[in-house]
$ cat start_28.cif   # mmCIF, C-alpha atoms
data_structure
#
loop_
_atom_site.label_atom_id
_atom_site.label_comp_id
_atom_site.auth_asym_id
_atom_site.auth_seq_id
_atom_site.Cartn_x
_atom_site.Cartn_y
_atom_site.Cartn_z
CA MET A 12 25.56 39.12 -57.91
CA ALA A 13 27.18 36.36 -59.87
CA LEU A 14 26.46 37.61 -63.34
CA SER A 15 27.34 40.87 -64.97
CA LEU A 16 24.87 43.42 -66.18
CA ARG A 17 25.54 42.49 -69.80
CA GLU A 18 24.53 38.91 -69.21
CA TYR A 19 21.26 39.92 -67.59
CA ARG A 20 20.45 42.16 -70.53
CA ALA A 21 21.08 39.26 -72.93
CA ARG A 22 18.78 37.06 -70.90
CA ILE A 23 16.01 39.63 -70.91
CA LYS A 24 16.31 39.93 -74.66
CA SER A 25 16.06 36.18 -75.14
CA VAL A 26 12.99 35.91 -72.91
CA GLU A 27 11.46 38.81 -74.78
CA SER A 28 11.80 37.09 -78.13
CA THR A 29 10.39 33.87 -76.68
CA LYS A 30 7.48 35.88 -75.40
CA LYS A 31 6.87 37.28 -78.86
CA ILE A 32 6.68 33.76 -80.25
CA THR A 33 4.34 32.43 -77.58
CA ARG A 34 2.14 35.51 -77.87
CA ALA A 35 1.89 34.99 -81.63
CA MET A 36 1.02 31.32 -81.19
CA GLU A 37 -1.61 32.22 -78.65
CA LEU A 38 -3.26 34.64 -81.06
CA ILE A 39 -3.08 32.19 -83.96
CA ALA A 40 -4.65 29.43 -81.87
CA ALA A 41 -7.36 31.81 -80.71
CA SER A 42 -8.32 32.75 -84.26
CA ARG A 43 -8.18 29.15 -85.52
CA ILE A 44 -10.34 27.92 -82.71
CA ILE A 45 -13.24 29.96 -84.02
CA LYS A 46 -12.81 28.40 -87.44
CA ALA A 47 -12.60 24.95 -85.92
CA GLN A 48 -15.83 25.52 -84.04
CA GLN A 49 -17.51 26.78 -87.18
CA ARG A 50 -16.35 23.67 -89.00
CA ALA A 51 -17.77 21.48 -86.27
CA GLN A 52 -21.06 23.34 -86.53
CA ALA A 53 -21.11 23.06 -90.32
CA ALA A 54 -20.68 19.31 -90.05
CA ALA A 55 -23.58 18.97 -87.66
CA PRO A 56 -26.43 18.87 -90.26
CA TYR A 57 -24.83 15.95 -92.07
CA ALA A 58 -24.37 14.00 -88.85
CA ARG A 59 -27.93 14.78 -87.80
CA GLU A 60 -29.51 13.69 -91.08
CA LEU A 61 -27.37 10.58 -91.19
CA THR A 62 -28.34 9.62 -87.65
CA ARG A 63 -31.98 10.13 -88.58
CA ALA A 64 -31.65 7.92 -91.61
CA VAL A 65 -29.80 5.22 -89.71
CA SER A 66 -32.32 5.14 -86.92
CA ALA A 67 -35.11 5.02 -89.51
CA VAL A 68 -33.61 1.98 -91.17
CA ALA A 69 -32.76 0.34 -87.87
CA THR A 70 -36.31 0.83 -86.62
CA PHE A 71 -38.13 -0.41 -89.68
CA SER A 72 -36.11 -3.30 -90.86
CA ASN A 73 -34.90 -6.40 -89.19
CA VAL A 74 -31.83 -6.66 -91.27
CA ASP A 75 -28.78 -7.90 -89.46
CA HIS A 76 -25.71 -6.12 -90.54
CA PRO A 77 -22.17 -7.26 -89.75
CA LEU A 78 -21.32 -3.79 -88.44
CA THR A 79 -24.00 -3.95 -85.77
CA THR A 80 -23.51 -7.56 -84.72
CA GLU A 81 -21.76 -8.19 -81.44
CA PRO A 82 -19.08 -10.83 -81.86
CA GLU A 83 -19.72 -13.68 -79.47
CA ASN A 84 -16.24 -14.01 -78.19
CA PRO A 85 -14.19 -10.86 -78.64
CA THR A 86 -10.47 -11.58 -78.53
CA ARG A 87 -8.97 -8.58 -80.25
CA ALA A 88 -9.75 -4.91 -80.08
CA ALA A 89 -8.56 -1.91 -82.05
CA ILE A 90 -8.12 1.52 -80.55
CA LEU A 91 -7.73 4.74 -82.46
CA ILE A 92 -6.00 7.49 -80.50
CA VAL A 93 -6.48 10.99 -81.83
CA THR A 94 -3.50 13.16 -80.91
CA SER A 95 -2.02 16.35 -82.31
CA ASP A 96 0.68 16.83 -84.91
CA ARG A 97 2.45 19.60 -83.09
CA GLY A 98 3.44 20.13 -79.51
CA LEU A 99 3.26 23.28 -77.43
CA ALA A 100 -0.29 22.49 -76.49
CA GLY A 101 0.19 21.77 -72.82
CA ALA A 102 -0.91 18.35 -71.67
CA TYR A 103 -3.24 17.87 -74.65
CA SER A 104 -1.54 14.92 -76.35
CA SER A 105 -0.22 13.29 -73.21
CA SER A 106 -3.60 13.25 -71.51
CA VAL A 107 -5.32 11.64 -74.49
CA ILE A 108 -2.49 9.09 -74.72
CA LYS A 109 -2.87 8.39 -71.00
CA GLU A 110 -6.57 7.74 -71.52
CA GLY A 111 -5.61 5.40 -74.35
CA GLU A 112 -3.21 3.52 -72.10
CA ARG A 113 -5.90 3.16 -69.49
CA LEU A 114 -8.31 1.68 -72.02
CA THR A 115 -5.60 -0.61 -73.39
CA GLU A 116 -4.94 -1.86 -69.87
CA LYS A 117 -8.64 -2.46 -69.31
CA LEU A 118 -9.04 -4.36 -72.58
CA ARG A 119 -5.99 -6.47 -71.80
CA GLU A 120 -7.49 -7.39 -68.46
CA GLU A 121 -10.60 -8.54 -70.29
CA GLY A 122 -8.34 -10.87 -72.23
CA LYS A 123 -8.29 -9.01 -75.51
CA GLU A 124 -5.30 -8.21 -77.60
CA VAL A 125 -5.05 -4.56 -78.57
CA ASP A 126 -4.14 -3.12 -81.95
CA THR A 127 -3.22 0.52 -81.88
CA TYR A 128 -4.12 2.97 -84.64
CA ILE A 129 -2.91 6.51 -84.26
CA SER A 130 -3.72 9.83 -85.78
CA GLY A 131 -1.31 12.69 -85.15
CA ARG A 132 2.46 12.88 -85.06
CA LYS A 133 2.74 13.20 -81.27
CA GLY A 134 1.09 9.88 -80.62
CA VAL A 135 3.20 8.21 -83.27
CA ALA A 136 6.36 9.60 -81.66
CA TYR A 137 5.24 8.36 -78.25
CA PHE A 138 4.75 4.81 -79.48
CA LYS A 139 7.84 4.77 -81.69
CA PHE A 140 10.01 5.94 -78.80
CA ARG A 141 8.75 3.07 -76.67
CA ARG A 142 9.14 0.66 -79.59
CA ARG A 143 5.55 -0.38 -79.46
CA PRO A 144 3.78 -1.49 -82.60
CA ILE A 145 1.37 0.77 -84.44
CA VAL A 146 -0.90 -0.91 -86.95
CA GLU A 147 -1.52 2.21 -88.94
CA GLN A 148 -0.94 5.91 -88.56
CA TRP A 149 -2.33 9.07 -90.11
CA THR A 150 -0.59 12.40 -89.71
CA GLY A 151 -0.52 15.93 -91.03
CA PHE A 152 -4.05 17.23 -90.52
CA SER A 153 -4.70 17.42 -86.81
CA ASP A 154 -5.72 21.09 -86.60
CA GLN A 155 -7.94 21.06 -89.68
CA PRO A 156 -9.20 17.60 -90.54
CA THR A 157 -11.07 17.05 -93.80
CA TYR A 158 -13.82 14.56 -94.43
CA ASP A 159 -11.61 12.61 -96.81
CA VAL A 160 -9.24 11.77 -93.97
CA ALA A 161 -12.15 10.62 -91.83
CA ARG A 162 -13.29 8.43 -94.71
CA GLU A 163 -9.86 6.89 -95.08
CA ILE A 164 -9.60 6.13 -91.37
CA GLY A 165 -13.17 4.84 -91.30
CA ASP A 166 -12.63 2.54 -94.27
CA ARG A 167 -9.51 1.11 -92.70
CA LEU A 168 -11.17 0.43 -89.36
CA ILE A 169 -14.27 -1.04 -90.97
CA GLU A 170 -12.09 -3.29 -93.08
CA ALA A 171 -10.33 -4.56 -89.97
CA PHE A 172 -13.62 -5.07 -88.17
CA LEU A 173 -15.22 -6.95 -91.06
CA ALA A 174 -12.14 -9.13 -91.34
CA GLY A 175 -12.66 -9.97 -87.68
CA ALA A 176 -16.32 -10.76 -88.25
CA ALA A 177 -15.53 -12.98 -91.22
CA GLY A 178 -13.45 -15.30 -89.08
CA GLU A 179 -10.03 -14.77 -87.62
CA SER A 180 -8.28 -17.84 -88.90
CA ALA A 181 -8.92 -17.29 -92.58
CA SER A 182 -8.12 -13.62 -92.85
CA GLN A 183 -5.08 -13.45 -90.65
CA SER A 184 -2.59 -15.22 -92.83
CA GLU A 185 -3.67 -14.08 -96.25
CA ASP A 186 -3.18 -10.35 -96.09
CA ASP A 187 -1.98 -7.82 -93.59
CA VAL A 188 -5.40 -6.99 -92.29
CA ARG A 189 -5.78 -8.57 -88.91
CA GLY A 190 -9.38 -8.79 -87.91
CA VAL A 191 -10.59 -7.10 -84.77
CA ASP A 192 -13.79 -7.69 -82.84
CA GLU A 193 -14.34 -4.18 -81.57
CA VAL A 194 -13.11 -0.70 -82.34
CA HIS A 195 -12.67 2.10 -79.83
CA VAL A 196 -11.87 5.73 -80.46
CA ILE A 197 -10.13 7.95 -77.95
CA TYR A 198 -10.33 11.66 -78.61
CA THR A 199 -10.55 14.88 -76.66
CA ARG A 200 -14.02 16.21 -76.36
CA PHE A 201 -14.44 19.95 -76.57
CA ARG A 202 -16.75 20.98 -73.77
CA SER A 203 -15.88 24.65 -73.65
CA MET A 204 -12.90 26.91 -74.16
CA LEU A 205 -11.73 25.98 -70.68
CA VAL A 206 -12.73 22.35 -70.40
CA GLN A 207 -11.64 19.61 -72.75
CA GLU A 208 -11.69 16.04 -71.64
CA PRO A 209 -10.24 12.89 -73.12
CA THR A 210 -13.07 10.53 -73.99
CA ALA A 211 -13.16 6.92 -75.08
CA VAL A 212 -16.10 5.62 -77.09
CA ARG A 213 -16.77 2.27 -78.66
CA LEU A 214 -17.28 2.77 -82.37
CA LEU A 215 -17.89 -0.77 -83.56
CA PRO A 216 -20.00 -2.81 -83.30
CA LEU A 217 -22.40 0.05 -83.73
CA GLU A 218 -25.03 1.00 -81.24
CA VAL A 219 -27.24 3.31 -83.18
CA VAL A 220 -29.21 4.56 -80.22
CA GLU A 221 -26.23 6.27 -78.62
CA GLY A 222 -24.92 9.57 -79.88
CA GLU A 223 -25.31 13.09 -78.64
CA GLU A 224 -26.71 14.55 -81.85
CA ARG A 225 -29.84 12.45 -81.89
CA PRO A 226 -32.70 13.81 -83.92
CA SER A 227 -35.47 15.37 -81.95
CA GLU A 228 -38.40 13.08 -81.41
CA GLU A 229 -41.12 15.59 -82.16
CA GLU A 230 -42.39 13.54 -85.07
CA ALA A 231 -42.67 9.80 -85.24
CA LEU A 232 -40.50 8.30 -87.91
CA PRO A 233 -42.55 7.47 -91.00
CA LEU A 234 -42.75 4.14 -92.69
CA TYR A 235 -40.04 4.29 -95.32
CA GLU A 236 -39.78 2.63 -98.66
CA PHE A 237 -36.28 1.44 -99.30
CA GLU A 238 -34.69 1.59 -102.66
CA PRO A 239 -33.21 -0.77 -103.79
CA SER A 240 -33.73 -2.71 -100.54
CA ALA A 241 -33.39 -2.20 -96.82
CA ALA A 242 -30.30 -4.35 -96.67
CA GLU A 243 -28.55 -2.46 -99.43
CA VAL A 244 -29.47 0.92 -98.02
CA LEU A 245 -28.10 -0.16 -94.67
CA ASP A 246 -24.99 -1.39 -96.41
CA GLY A 247 -24.39 2.03 -97.81
CA LEU A 248 -25.54 3.93 -94.76
CA LEU A 249 -23.60 2.33 -91.92
CA PRO A 250 -20.05 2.84 -93.21
CA ARG A 251 -20.92 6.49 -93.75
CA TYR A 252 -22.29 6.69 -90.26
CA VAL A 253 -19.01 5.36 -88.92
CA GLN A 254 -17.06 7.85 -91.03
CA SER A 255 -19.21 10.68 -89.86
CA ARG A 256 -18.61 9.72 -86.22
CA ILE A 257 -14.87 9.66 -86.84
CA TYR A 258 -15.11 13.04 -88.55
CA PHE A 259 -16.97 14.33 -85.52
CA ALA A 260 -14.21 13.01 -83.24
CA LEU A 261 -11.50 14.59 -85.39
CA LEU A 262 -13.25 17.96 -85.41
CA GLN A 263 -13.72 17.89 -81.66
CA ALA A 264 -10.09 16.94 -81.22
CA ALA A 265 -8.98 19.79 -83.47
CA ALA A 266 -10.96 22.35 -81.50
CA SER A 267 -9.65 20.90 -78.24
CA GLU A 268 -6.07 20.97 -79.47
CA LEU A 269 -6.32 24.63 -80.39
CA ALA A 270 -7.96 25.51 -77.08
CA ALA A 271 -5.26 23.63 -75.18
CA ARG A 272 -2.58 25.37 -77.21
CA GLN A 273 -4.07 28.77 -76.63
CA ARG A 274 -4.15 28.17 -72.91
CA ALA A 275 -0.62 26.79 -72.78
CA MET A 276 0.71 29.70 -74.78
CA LYS A 277 -1.09 32.22 -72.64
CA ALA A 278 0.52 30.70 -69.56
CA ALA A 279 3.91 30.80 -71.31
CA THR A 280 3.46 34.45 -72.22
CA ASP A 281 2.50 35.32 -68.65
CA ASN A 282 5.52 33.47 -67.33
CA ALA A 283 7.77 35.27 -69.77
CA GLU A 284 6.43 38.61 -68.58
CA GLU A 285 7.12 37.64 -64.99
CA LEU A 286 10.65 36.56 -65.86
CA ILE A 287 11.33 39.78 -67.68
CA LYS A 288 10.14 41.76 -64.68
CA LYS A 289 12.36 39.75 -62.36
CA TYR A 290 15.43 40.02 -64.57
CA THR A 291 14.91 43.74 -65.09
CA ARG A 292 14.96 44.23 -61.33
CA ILE A 293 18.12 42.20 -60.89
CA ALA A 294 19.74 43.98 -63.82
CA ASN A 295 18.91 47.36 -62.30
CA GLN A 296 20.38 46.27 -59.01
CA ALA A 297 23.50 45.13 -60.79
CA ARG A 298 23.69 48.46 -62.60
CA GLN A 299 23.30 50.42 -59.39
CA ALA A 300 25.87 48.28 -57.63
CA GLY A 301 28.24 48.93 -60.53
CA ILE A 302 27.73 52.68 -60.30
CA THR A 303 28.18 52.69 -56.52
CA GLN A 304 31.35 50.75 -56.89
CA GLU A 305 32.68 53.12 -59.55
CA ILE A 306 31.91 56.17 -57.40
CA SER A 307 33.58 54.69 -54.38
CA GLU A 308 36.58 53.81 -56.54
CA ILE A 309 36.80 57.38 -57.86
CA VAL A 310 36.39 58.86 -54.41
CA GLY A 311 38.97 56.48 -53.07
CA GLY A 312 41.33 57.39 -55.91
CA VAL A 313 40.84 61.13 -55.37
CA ASN A 314 41.42 60.77 -51.64
CA ALA A 315 44.55 58.74 -52.23
CA LEU A 316 45.76 61.36 -54.71
CA ALA A 317 44.96 64.21 -52.25
CA ASP A 318 46.79 62.39 -49.48
CA ALA A 319 49.79 61.86 -51.73
CA THR A 320 50.02 65.53 -52.80
CA ALA A 321 49.42 66.70 -49.20
CA GLY A 322 52.25 64.46 -48.02
CA SER A 323 54.73 65.73 -50.61
CA GLU A 324 54.22 69.41 -49.83
CA MET B 11 -44.83 22.71 -93.06
CA SER B 12 -46.78 23.72 -96.13
CA ASP B 13 -48.87 21.15 -97.98
CA ASP B 14 -47.59 21.50 -101.48
CA LEU B 15 -43.98 22.45 -101.10
CA LEU B 16 -40.96 20.31 -100.43
CA HIS B 17 -38.46 21.38 -97.88
CA VAL B 18 -35.09 20.49 -99.34
CA GLU B 19 -31.81 20.20 -97.56
CA LEU B 20 -28.72 19.46 -99.59
CA VAL B 21 -26.05 18.52 -97.09
CA ALA B 22 -22.41 17.76 -97.69
CA ALA B 23 -20.23 16.19 -95.03
CA ASP B 24 -18.65 19.46 -94.04
CA ARG B 25 -21.40 22.00 -94.65
CA LEU B 26 -25.03 22.66 -95.46
CA VAL B 27 -24.96 23.43 -99.18
CA TRP B 28 -28.50 24.60 -99.74
CA SER B 29 -31.79 24.52 -97.97
CA GLY B 30 -35.10 25.92 -98.99
CA GLU B 31 -38.51 25.26 -100.49
CA ALA B 32 -38.97 23.50 -103.82
CA THR B 33 -41.71 22.15 -106.02
CA MET B 34 -39.77 19.29 -107.56
CA VAL B 35 -36.50 17.45 -107.07
CA ILE B 36 -34.87 15.13 -109.57
CA ALA B 37 -32.02 12.90 -108.45
CA ARG B 38 -30.26 9.83 -109.73
CA THR B 39 -30.50 6.75 -107.55
CA THR B 40 -29.04 3.32 -108.07
CA GLU B 41 -32.35 2.34 -109.66
CA GLY B 42 -32.42 5.24 -112.10
CA ASP B 43 -33.54 8.85 -112.13
CA VAL B 44 -36.29 9.65 -109.72
CA GLY B 45 -38.45 12.77 -109.64
CA ILE B 46 -39.98 13.72 -106.35
CA LEU B 47 -43.06 15.88 -106.06
CA PRO B 48 -44.73 17.09 -102.89
CA ASN B 49 -46.56 14.45 -100.84
CA HIS B 50 -44.26 11.72 -102.01
CA ALA B 51 -44.31 8.57 -99.91
CA PRO B 52 -41.50 8.26 -97.38
CA MET B 53 -38.46 6.84 -99.09
CA LEU B 54 -34.82 6.17 -98.42
CA SER B 55 -32.61 5.45 -101.35
CA LEU B 56 -29.01 5.31 -102.44
CA MET B 57 -27.79 7.89 -104.92
CA VAL B 58 -24.97 7.51 -107.37
CA ASP B 59 -22.58 10.24 -108.51
CA GLY B 60 -24.53 12.62 -110.63
CA VAL B 61 -26.56 15.77 -110.72
CA VAL B 62 -29.55 16.86 -108.70
CA ASP B 63 -32.10 19.24 -110.20
CA VAL B 64 -34.26 21.30 -107.94
CA GLN B 65 -37.12 23.54 -108.98
CA THR B 66 -37.54 26.09 -106.27
CA ALA B 67 -40.77 27.57 -105.07
CA GLU B 68 -39.89 30.81 -106.86
CA GLY B 69 -39.81 28.96 -110.18
CA GLU B 70 -36.05 28.93 -110.53
CA THR B 71 -34.07 25.81 -111.27
CA TRP B 72 -30.71 25.01 -109.88
CA VAL B 73 -28.43 22.10 -110.37
CA ALA B 74 -25.88 20.53 -108.07
CA ALA B 75 -23.24 17.91 -108.62
CA VAL B 76 -23.14 15.29 -105.90
CA ASP B 77 -21.09 12.26 -105.00
CA ALA B 78 -22.68 9.01 -104.09
CA GLY B 79 -24.93 9.50 -101.11
CA PHE B 80 -28.45 9.23 -99.81
CA LEU B 81 -31.81 10.62 -100.45
CA SER B 82 -34.43 10.52 -97.78
CA VAL B 83 -37.96 11.73 -98.20
CA ALA B 84 -40.50 12.02 -95.43
CA ASN B 85 -43.36 14.40 -94.67
CA ASN B 86 -42.49 16.67 -97.57
CA ARG B 87 -38.96 16.94 -96.33
CA ILE B 88 -36.11 15.85 -98.53
CA SER B 89 -32.59 15.42 -97.30
CA ILE B 90 -29.93 14.86 -99.86
CA LEU B 91 -26.76 13.66 -98.21
CA SER B 92 -23.52 13.43 -100.03
CA GLU B 93 -19.91 13.51 -98.97
CA HIS B 94 -19.16 16.24 -101.46
CA ALA B 95 -21.75 18.41 -103.09
CA GLU B 96 -21.37 21.54 -105.16
CA MET B 97 -23.91 23.92 -106.59
CA SER B 98 -23.45 24.53 -110.31
CA HIS B 99 -22.38 28.14 -109.81
CA GLU B 100 -19.66 27.05 -107.41
CA ILE B 101 -18.10 24.69 -109.88
CA ASP B 102 -15.03 25.76 -111.75
CA LEU B 103 -15.74 24.42 -115.24
CA GLU B 104 -12.16 24.71 -116.42
CA LYS B 105 -10.91 22.81 -113.43
CA ALA B 106 -13.50 20.07 -113.90
CA ARG B 107 -12.49 19.74 -117.56
CA THR B 108 -8.79 19.42 -116.79
CA GLU B 109 -9.58 16.91 -114.07
CA LEU B 110 -11.59 14.89 -116.54
CA GLU B 111 -8.70 14.94 -119.00
CA ARG B 112 -6.28 13.88 -116.31
CA ALA B 113 -8.49 11.07 -115.14
CA LYS B 114 -8.96 9.82 -118.70
CA THR B 115 -5.27 9.73 -119.50
CA ALA B 116 -4.93 7.59 -116.37
CA GLY B 117 -1.66 6.72 -114.73
CA GLU B 118 -2.42 9.12 -111.91
CA TYR B 119 -4.69 6.81 -110.03
CA ASP B 120 -3.77 3.61 -108.33
CA SER B 121 -6.56 1.52 -109.72
CA GLU B 122 -9.07 1.39 -112.54
CA VAL B 123 -11.90 1.88 -110.10
CA GLU B 124 -10.47 5.09 -108.74
CA ALA B 125 -9.90 6.48 -112.21
CA GLU B 126 -13.46 5.60 -113.17
CA ASP B 127 -14.77 7.29 -110.05
CA ALA B 128 -12.79 10.41 -110.85
CA ILE B 129 -14.12 10.41 -114.42
CA ARG B 130 -17.69 10.02 -113.22
CA ARG B 131 -17.31 12.83 -110.72
CA ALA B 132 -15.75 15.21 -113.21
CA GLU B 133 -18.44 14.40 -115.77
CA ALA B 134 -21.17 15.00 -113.23
CA ARG B 135 -19.76 18.40 -112.43
CA ILE B 136 -19.47 19.38 -116.08
CA ARG B 137 -23.01 18.17 -116.69
CA ALA B 138 -24.26 20.21 -113.79
CA VAL B 139 -22.72 23.38 -115.16
CA GLU B 140 -23.97 22.75 -118.66
CA ARG B 141 -27.46 21.97 -117.47
CA ALA B 142 -27.60 25.15 -115.43
CA SER B 143 -26.47 27.47 -118.21
#
$ encode --input "start_28.cif" --output "structure tokens"
Amino acid sequence: MALSLREYRARIKSVESTKKITRAMELIAASRIIKAQQRAQAAAPYARELTRAVSAVATFSNVDHPLTTEPENPTRAAILIVTSDRGLAGAYSSSVIKEGERLTEKLREEGKEVDTYISGRKGVAYFKFRRRPIVEQWTGFSDQPTYDVAREIGDRLIEAFLAGAAGESASQSEDDVRGVDEVHVIYTRFRSMLVQEPTAVRLLPLEVVEGEERPSEEEALPLYEFEPSAAEVLDGLLPRYVQSRIYFALLQAAASELAARQRAMKAATDNAEELIKKYTRIANQARQAGITQEISEIVGGVNALADATAGSE
Amino acid sequence: MSDDLLHVELVAADRLVWSGEATMVIARTTEGDVGILPNHAPMLSLMVDGVVDVQTAEGETWVAAVDAGFLSVANNRISILSEHAEMSHEIDLEKARTELERAKTAGEYDSEVEAEDAIRRAEARIRAVERAS
């Protein structure tokens, strides 16, 4: 019994207040997760219609677009890692970063240089701490991304990709935009409340056929007229398709982050409860030991006193 | 799907704004205003910032302000896709007016193009409200 009763009581109090915080965070995450899922659902019609339109154009025109063309000799790749802004979400950020590292390693082995783009403060901190270069970073929205952010990220990545397609030598020196030959996105896919998995997908060059929200094939796609022309429609359509895919990734990541946080905070709350139970037991033991000691001291004192008076008489 | 009605879906990036049956849709594409009636040939076209008029099957008319986007028509089904879209009754007229003023006085935006975009958007929203009332 190394510590006194008072110290155990202080410890219990501190764990109790920590528990209050983790419990509150758990509840907040739980309520936000519903909103995040609703947002993901609300974004689905746009993605679906866009995918329909893109596949319509891709099927009925033979227009080659820079965004869909495979570069012959890819030498540089960009990866976008979607992490969270805040911690206390268990292994959420670290597992997505780990997936990113794995992909980086793989791309390096294929002889490509890797440019890193990061969304979310945690990822930025990870790279800054290791003094590794980040080409561009976006922070401050990870639990409720807006479409505008997705557009900004999309525009930046498309710009880099087009610079790569236009020819590396010319674009590299003139401005800061270094061209890349492919773009990958690493985000955490929200499978269910319990399962979220880090996923890497190649965003550019585009493969229109892939995608989980493909339109149903119940009706054959009609022969479209394009206004002003197929090429121009494609020009407008593809960047938006890219943005919408990034938006999808951000929304999934947001839902995953909240789910991970809720789980982590639930575990923390449970642990706190356990600790409180344990400390309460030890504190009670200490209290009892104290009382026993006091009694035996009093009894001892009384006996000594009785002996002394008995001896004097 | 009925023969003489259009099924309209007005979709913004983050939500479905409106969907329902209509008899006519007017939108502004890069080539100019286009009116679409039932049984229109399949079409895909680029829209510019502006307003979309829809005459519903019940004979009502509503107006929406949209950003640049897409219009696709097929099998009496129209999808209007835009990054931001607002129905006229959702638009705060005062706010749109002050935004227009701000955009016109400039200085707030980094480039001419951005300021012009902001002006066009604000004007589209004001137009939508005025048209609806």
$ atom_distance --input "start_28.cif" --atom1 "atom CA of A:Gly175" --atom2 "atom CA of A:Val194"
10.7 Å
$ residues_around --input "start_28.cif" --residues "A:Ala275" --least-positions-apart "3" --cutoff "12 Å" --atoms "only C-alpha atoms" --output "ChimeraX atom specification"
/A:33-34,36-38,40-41,98-103,205,268-272,278-282
$ closest_atom_pairs --input "start_28.cif" --of "chain B" --to "chain A" --cutoff "7 Å" --atoms "all atoms listed in the file" --output "CSV"
residue,atom,partner,partner_atom,distance
B:Val21,CA,A:Tyr57,CA,5.8
B:Ala22,CA,A:Tyr57,CA,6.4
B:Ala23,CA,A:Tyr57,CA,5.5
B:Asp24,CA,A:Ala54,CA,4.5
B:Arg25,CA,A:Ala53,CA,4.5
B:Leu26,CA,A:Ala53,CA,6.5
B:Glu41,CA,A:Pro239,CA,6.7
B:Pro52,CA,A:Tyr235,CA,4.7
B:Met53,CA,A:Glu236,CA,4.4
B:Leu54,CA,A:Phe237,CA,5.0
B:Ser55,CA,A:Glu238,CA,4.6
B:Leu56,CA,A:Val244,CA,6.2
B:Ala84,CA,A:Pro233,CA,6.7
B:Leu91,CA,A:Tyr57,CA,6.8
$ resolve_selection --input "start_28.cif" --expression "the PyMOL selection byres ((chain A and resi 17) around 12)" --output "VMD selection string"
chain A and resid 13 to 16 18 to 24 290 to 291 293 to 295 297 to 298 301
$ atom_distance --input "start_28.cif" --atom1 "atom CA of B:Asp77" --atom2 "atom CA of A:Gln155"
22.0 Å
$ resolve_selection --input "start_28.cif" --expression "the PyMOL selection byres ((chain A and resi 77-82) around 12)" --output "JSON, numbers by chain"
{"A": [65, 69, 73, 74, 75, 76, 83, 84, 85, 86, 87, 88, 168, 169, 170, 171, 172, 173, 174, 175, 176, 177, 178, 179, 190, 191, 192, 193, 194, 213, 214, 215, 216, 217, 218, 219, 220, 242, 245, 246, 247, 248, 249, 250, 251, 252, 253]}
$ resolve_selection --input "start_28.cif" --expression "the PyMOL selection byres ((chain B and resi 135) around 12)" --output "JSON, numbers by chain"
{"B": [59, 60, 61, 62, 73, 74, 75, 76, 77, 94, 95, 96, 97, 98, 99, 100, 101, 102, 103, 104, 105, 106, 107, 108, 109, 110, 128, 129, 130, 131, 132, 133, 134, 136, 137, 138, 139, 140, 141, 142]}
$ atom_distance --input "start_28.cif" --atom1 "atom CA of A:Ile164" --atom2 "atom CA of B:Gly79"
18.5 Å
$ closest_residue --input "start_28.cif" --among "A:Ala260, A:Ala283, A:Val160, A:Ile129" --to "A:Pro144" --atoms "only C-alpha atoms"
A:Ile129
$ residues_around --input "start_28.cif" --residues "A:Ser267" --least-positions-apart "2" --cutoff "10 Å" --atoms "all atoms listed in the file" --output "PDB file with C-alpha atoms, in the frame of the given file"
ATOM      1  CA  ILE A  44     -10.340  27.920 -82.710  1.00  0.00           C
ATOM      2  CA  ALA A  47     -12.600  24.950 -85.920  1.00  0.00           C
ATOM      3  CA  GLN A  48     -15.830  25.520 -84.040  1.00  0.00           C
ATOM      4  CA  SER A  95      -2.020  16.350 -82.310  1.00  0.00           C
ATOM      5  CA  ALA A 100      -0.290  22.490 -76.490  1.00  0.00           C
ATOM      6  CA  TYR A 103      -3.240  17.870 -74.650  1.00  0.00           C
ATOM      7  CA  ASP A 154      -5.720  21.090 -86.600  1.00  0.00           C
ATOM      8  CA  TYR A 198     -10.330  11.660 -78.610  1.00  0.00           C
ATOM      9  CA  THR A 199     -10.550  14.880 -76.660  1.00  0.00           C
ATOM     10  CA  ARG A 200     -14.020  16.210 -76.360  1.00  0.00           C
ATOM     11  CA  PHE A 201     -14.440  19.950 -76.570  1.00  0.00           C
ATOM     12  CA  ARG A 202     -16.750  20.980 -73.770  1.00  0.00           C
ATOM     13  CA  SER A 203     -15.880  24.650 -73.650  1.00  0.00           C
ATOM     14  CA  MET A 204     -12.900  26.910 -74.160  1.00  0.00           C
ATOM     15  CA  LEU A 205     -11.730  25.980 -70.680  1.00  0.00           C
ATOM     16  CA  VAL A 206     -12.730  22.350 -70.400  1.00  0.00           C
ATOM     17  CA  GLN A 207     -11.640  19.610 -72.750  1.00  0.00           C
ATOM     18  CA  GLU A 208     -11.690  16.040 -71.640  1.00  0.00           C
ATOM     19  CA  PRO A 209     -10.240  12.890 -73.120  1.00  0.00           C
ATOM     20  CA  LEU A 261     -11.500  14.590 -85.390  1.00  0.00           C
ATOM     21  CA  LEU A 262     -13.250  17.960 -85.410  1.00  0.00           C
ATOM     22  CA  GLN A 263     -13.720  17.890 -81.660  1.00  0.00           C
ATOM     23  CA  ALA A 264     -10.090  16.940 -81.220  1.00  0.00           C
ATOM     24  CA  ALA A 265      -8.980  19.790 -83.470  1.00  0.00           C
ATOM     25  CA  LEU A 269      -6.320  24.630 -80.390  1.00  0.00           C
ATOM     26  CA  ALA A 270      -7.960  25.510 -77.080  1.00  0.00           C
ATOM     27  CA  ALA A 271      -5.260  23.630 -75.180  1.00  0.00           C
ATOM     28  CA  ARG A 272      -2.580  25.370 -77.210  1.00  0.00           C
ATOM     29  CA  GLN A 273      -4.070  28.770 -76.630  1.00  0.00           C
TER      30      GLN A 273
END
